[in-house]
Amino acid sequence: MEQISGERQYDFVSKFQYIREAGTSGELQAAETILAELEAIGVSGRMEEFSFPAFEMEAQELTVLEPYEKSYEIAGYGFCGNTPREGIEAPFLYAENGDDISLAGARGKIVLVNGPVQAEMHQKLTRAGALAFLSIYGSPVDEGEDLRPYVYRLRCGEEKRLPGACLHCRTAQELVSRKTGRVRLTLRQRETERTSRNICARIEGTDKKEEILSLTAHYDSVPAGPGAYDNLSGSAIIMELCRYFKKNPPRRTLEFIWFGAEEKGLLGSQAYIAQHEEELCRHRFNMNVDLAGQLVGGNAFGITAEDPVGPMLGMLAAETGIGVTILDKRIWGSDSNTFAYHGIPAMTMNRDGYGMHTRHDTIALISPWSLERSARLLGHVAERLGNMEVFPFQRSVPENLREQLEKWFRR
């Protein structure tokens, strides 16, 4: 793997120092840049579009009515319920972690919990009779731009969804310390549709081309920052490996995929699976990268598969002399979940780091040295698996992990 370059990967990351929220012009610009990079290295790439549901906030306001009057900045949850145009006026309750005791008095109130609110907490709030919910983001030491509340999406299948919003920790402290009694919450949003794109490139295997190994990473970012660590670093790693395997094709076919809309709920990988349903039987293993490139940290392989995948990958990693922790038989909050959910053994490689989902996630966090090591590590694993005479593990995922994945995708 002498051809692997950390500096080249770092230069690749430097081309994307802007926000790439799914469905925006920034994400489209990034997709076109990835396609151009593939063309420059002599690999034919393809853009696969897909649509996804989105939302646009029209009104979001929280006002304390008793014992004082003051309005606060909030961020409504995407896909939550709308209030009437005039809002909801109700008593305020701080229910801490949303335990049963704290929620005993929630009926008819607007309830603050230590969020974020997902499907299980939404169900508890609904059963407790809450009219709406508020959740807390951030820390007491934040200043300036970091005082903005985070934009969450409500991911639950219930027909009746409570109105809900996020507010900053400092706001929550003021609400509680001033013994807030009654508030008015106004939330209105319009559901719409946006377009995202996966970028795919295939390097055909030499004599075992019917078997496919995928190397994947998402290239979209959250709205808060440009996402160099999460996850242009991962995108750079698989681009570097695409360059390497273009010159050194293995026996098995390699599919390189840069997913859009991962931050919206793994939507890009789900769209890929749906669009490639007929050939899924050819996929043997997914190698995903999400969070990489920081100088200080540790590498990990999060593996969602049967034995002996974990021990075998640990053995292959040891051949490189590059440290890695094997986190075996786990599900991961990234696109590897989608492959595993459809019965394809999968792993996510990541590295410890700082700044995920914040404005601080810039190229200043990224190290060429770290990128090169991670690319060498994953590239060695991919090369060894791609060239073995007999693929060394079965195309299956343990039932207990499938149950966890089912719960994860329902949350």
# chains A, B, ... in the order shown; residues from 1 in each chain; ligands from 1

call {"tool": "select_by_dssp", "arguments": {"residues": "region 59-292 of chain A", "states": "strand (DSSP E or B)", "output": "PyMOL selection string"}}
result
chain A and resi 59-66+70-72+75-76+78+88-94+110-113+132-137+153+164-168+182-203+208-218+252-259+283-289

call {"tool": "closest_atom_pairs", "arguments": {"of": "region 169-283 of chain A", "to": "region 324-338 of chain A", "cutoff": "7 Å", "atoms": "only C-alpha atoms", "output": "Markdown table"}}
result
| residue | atom | partner | partner_atom | distance |
| --- | --- | --- | --- | --- |
| A:Leu266 | CA | A:Asp335 | CA | 5.7 |
| A:Ser269 | CA | A:Asp335 | CA | 5.9 |
| A:Gln270 | CA | A:Thr338 | CA | 6.2 |

call {"tool": "residues_around", "arguments": {"residues": "region 352-365 of chain A", "least_positions_apart": "3", "cutoff": "6 Å", "atoms": "only C-alpha atoms", "output": "ChimeraX atom specification"}}
result
/A:224-225,227-228,294,297-298

call {"tool": "closest_residue", "arguments": {"among": "A:Arg148, A:Arg155, A:Arg202, A:Lys124", "to": "Phe245 (chain A)", "atoms": "only C-alpha atoms"}}
result
A:Arg202

call {"tool": "residues_around", "arguments": {"residues": "Pro250 (chain A)", "least_positions_apart": "6", "cutoff": "6 Å", "atoms": "only C-alpha atoms", "output": "list in words"}}
result
Gly205, Gly386 and Asn387 of chain A

call {"tool": "closest_residue", "arguments": {"among": "A:Thr33, A:Ile41, A:Asp207, A:Tyr341", "to": "Tyr244 (chain A)", "atoms": "only C-alpha atoms"}}
result
A:Ile41

call {"tool": "residues_around", "arguments": {"residues": "region 67-82 of chain A", "least_positions_apart": "2", "cutoff": "9 Å", "atoms": "only C-alpha atoms", "output": "ChimeraX atom specification"}}
result
/A:54-57,59-65,84-85,87,132,134,148-155,160-168,171,178-183,186-191

call {"tool": "closest_residue", "arguments": {"among": "A:His218, A:Lys208, A:Arg351, A:Arg8", "to": "Val390 (chain A)", "atoms": "only C-alpha atoms"}}
result
A:Lys208

call {"tool": "closest_atom_pairs", "arguments": {"of": "region 218-250 of chain A", "to": "region 9-27 of chain A", "cutoff": "10 Å", "atoms": "only C-alpha atoms", "output": "tab-separated table"}}
result
residue	atom	partner	partner_atom	distance
A:Tyr219	CA	A:Arg20	CA	7.7
A:Asp220	CA	A:Arg20	CA	5.0
A:Ser221	CA	A:Arg20	CA	4.9
A:Val222	CA	A:Glu21	CA	5.4
A:Pro223	CA	A:Glu21	CA	5.5
A:Ala224	CA	A:Ile19	CA	7.6
A:Gly225	CA	A:Ile19	CA	5.7
A:Pro226	CA	A:Ile19	CA	4.3
A:Gly227	CA	A:Ile19	CA	7.2
A:Ala228	CA	A:Val13	CA	6.7
A:Tyr229	CA	A:Val13	CA	9.3
A:Asn231	CA	A:Val13	CA	9.4
A:Leu232	CA	A:Val13	CA	5.8
A:Ser233	CA	A:Val13	CA	6.5
A:Gly234	CA	A:Val13	CA	9.4
A:Ser235	CA	A:Val13	CA	8.2
A:Ala236	CA	A:Gln9	CA	5.2
A:Ile237	CA	A:Gln9	CA	6.7
A:Ile238	CA	A:Gln9	CA	9.4
A:Met239	CA	A:Gln9	CA	8.0
A:Glu240	CA	A:Gln9	CA	6.6

call {"tool": "closest_atom_pairs", "arguments": {"of": "region 127-153 of chain A", "to": "region 94-116 of chain A", "cutoff": "9 Å", "atoms": "only C-alpha atoms", "output": "tab-separated table"}}
result
residue	atom	partner	partner_atom	distance
A:Arg127	CA	A:Arg107	CA	8.8
A:Ala128	CA	A:Arg107	CA	5.8
A:Gly129	CA	A:Arg107	CA	4.1
A:Ala130	CA	A:Arg107	CA	4.9
A:Leu131	CA	A:Lys109	CA	5.5
A:Ala132	CA	A:Ile110	CA	4.8
A:Phe133	CA	A:Val111	CA	4.7
A:Leu134	CA	A:Leu112	CA	4.5
A:Ser135	CA	A:Gly115	CA	4.5
A:Ile136	CA	A:Asn114	CA	5.2
A:Tyr137	CA	A:Gly115	CA	7.3
A:Tyr152	CA	A:Pro116	CA	7.7

call {"tool": "atom_distance", "arguments": {"atom1": "CA of Asn286 (chain A)", "atom2": "CA of Glu193 (chain A)"}}
result
29.0 Å

call {"tool": "closest_residue", "arguments": {"among": "A:Gln275, A:Ser5, A:Asn248, A:Thr253", "to": "Asn198 (chain A)", "atoms": "only C-alpha atoms"}}
result
A:Gln275

call {"tool": "residues_around", "arguments": {"residues": "Arg373 (chain A)", "least_positions_apart": "2", "cutoff": "9 Å", "atoms": "only C-alpha atoms", "output": "PyMOL selection string"}}
result
chain A and resi 4+6+293+322+368-371+375-378

call {"tool": "write_last_selection", "arguments": {"atoms": "N, CA, C and O atoms", "output": "short mmCIF file (atom, residue, chain, number, x, y, z; two decimals), in the first residue's frame"}}
result
data_model
loop_
_atom_site.label_atom_id
_atom_site.label_comp_id
_atom_site.auth_asym_id
_atom_site.auth_seq_id
_atom_site.Cartn_x
_atom_site.Cartn_y
_atom_site.Cartn_z
N ILE A 4 -0.55 4.80 -1.06
CA ILE A 4 -1.52 5.56 -0.27
C ILE A 4 -0.89 6.85 0.24
O ILE A 4 0.21 6.85 0.79
N GLY A 6 -1.58 10.32 2.60
CA GLY A 6 -2.39 11.12 3.51
C GLY A 6 -2.52 12.56 3.06
O GLY A 6 -3.58 13.17 3.22
N GLY A 293 -9.73 10.56 10.81
CA GLY A 293 -8.80 11.61 10.43
C GLY A 293 -8.23 12.47 11.52
O GLY A 293 -7.37 13.31 11.24
N ILE A 322 -1.00 -1.50 12.64
CA ILE A 322 -1.75 -0.29 13.00
C ILE A 322 -2.81 -0.68 14.02
O ILE A 322 -3.60 -1.59 13.79
N PRO A 368 -3.24 14.57 8.02
CA PRO A 368 -2.84 13.68 6.92
C PRO A 368 -2.26 12.35 7.41
O PRO A 368 -2.49 11.30 6.82
N TRP A 369 -1.48 12.41 8.49
CA TRP A 369 -0.89 11.19 9.07
C TRP A 369 -1.98 10.20 9.47
O TRP A 369 -1.89 9.00 9.18
N SER A 370 -3.03 10.69 10.14
CA SER A 370 -4.12 9.82 10.57
C SER A 370 -4.89 9.26 9.38
O SER A 370 -5.24 8.08 9.34
N LEU A 371 -5.17 10.11 8.38
CA LEU A 371 -5.87 9.65 7.18
C LEU A 371 -5.09 8.53 6.49
O LEU A 371 -5.67 7.52 6.05
N ALA A 375 -6.44 4.68 5.95
CA ALA A 375 -6.59 4.16 4.59
C ALA A 375 -5.76 2.90 4.40
O ALA A 375 -6.19 1.94 3.75
N ARG A 376 -4.55 2.87 4.97
CA ARG A 376 -3.72 1.67 4.87
C ARG A 376 -4.37 0.49 5.61
O ARG A 376 -4.35 -0.64 5.13
N LEU A 377 -4.93 0.78 6.76
CA LEU A 377 -5.57 -0.26 7.56
C LEU A 377 -6.77 -0.86 6.82
O LEU A 377 -6.86 -2.08 6.63
N LEU A 378 -7.68 0.00 6.38
CA LEU A 378 -8.87 -0.51 5.69
C LEU A 378 -8.50 -1.10 4.34
O LEU A 378 -9.06 -2.12 3.93
#

call {"tool": "residues_around", "arguments": {"residues": "Met347 (chain A)", "least_positions_apart": "4", "cutoff": "8 Å", "atoms": "only C-alpha atoms", "output": "PyMOL selection string"}}
result
chain A and resi 286-288+301-305+336

call {"tool": "atom_distance", "arguments": {"atom1": "CA of Ile366 (chain A)", "atom2": "CA of Asn299 (chain A)"}}
result
14.4 Å

call {"tool": "closest_residue", "arguments": {"among": "A:Lys407, A:Arg197, A:Arg170, A:Arg46", "to": "Leu267 (chain A)", "atoms": "only C-alpha atoms"}}
result
A:Arg197

call {"tool": "closest_residue", "arguments": {"among": "A:Glu389, A:Pro249, A:Glu263, A:Trp258", "to": "Cys200 (chain A)", "atoms": "only C-alpha atoms"}}
result
A:Trp258
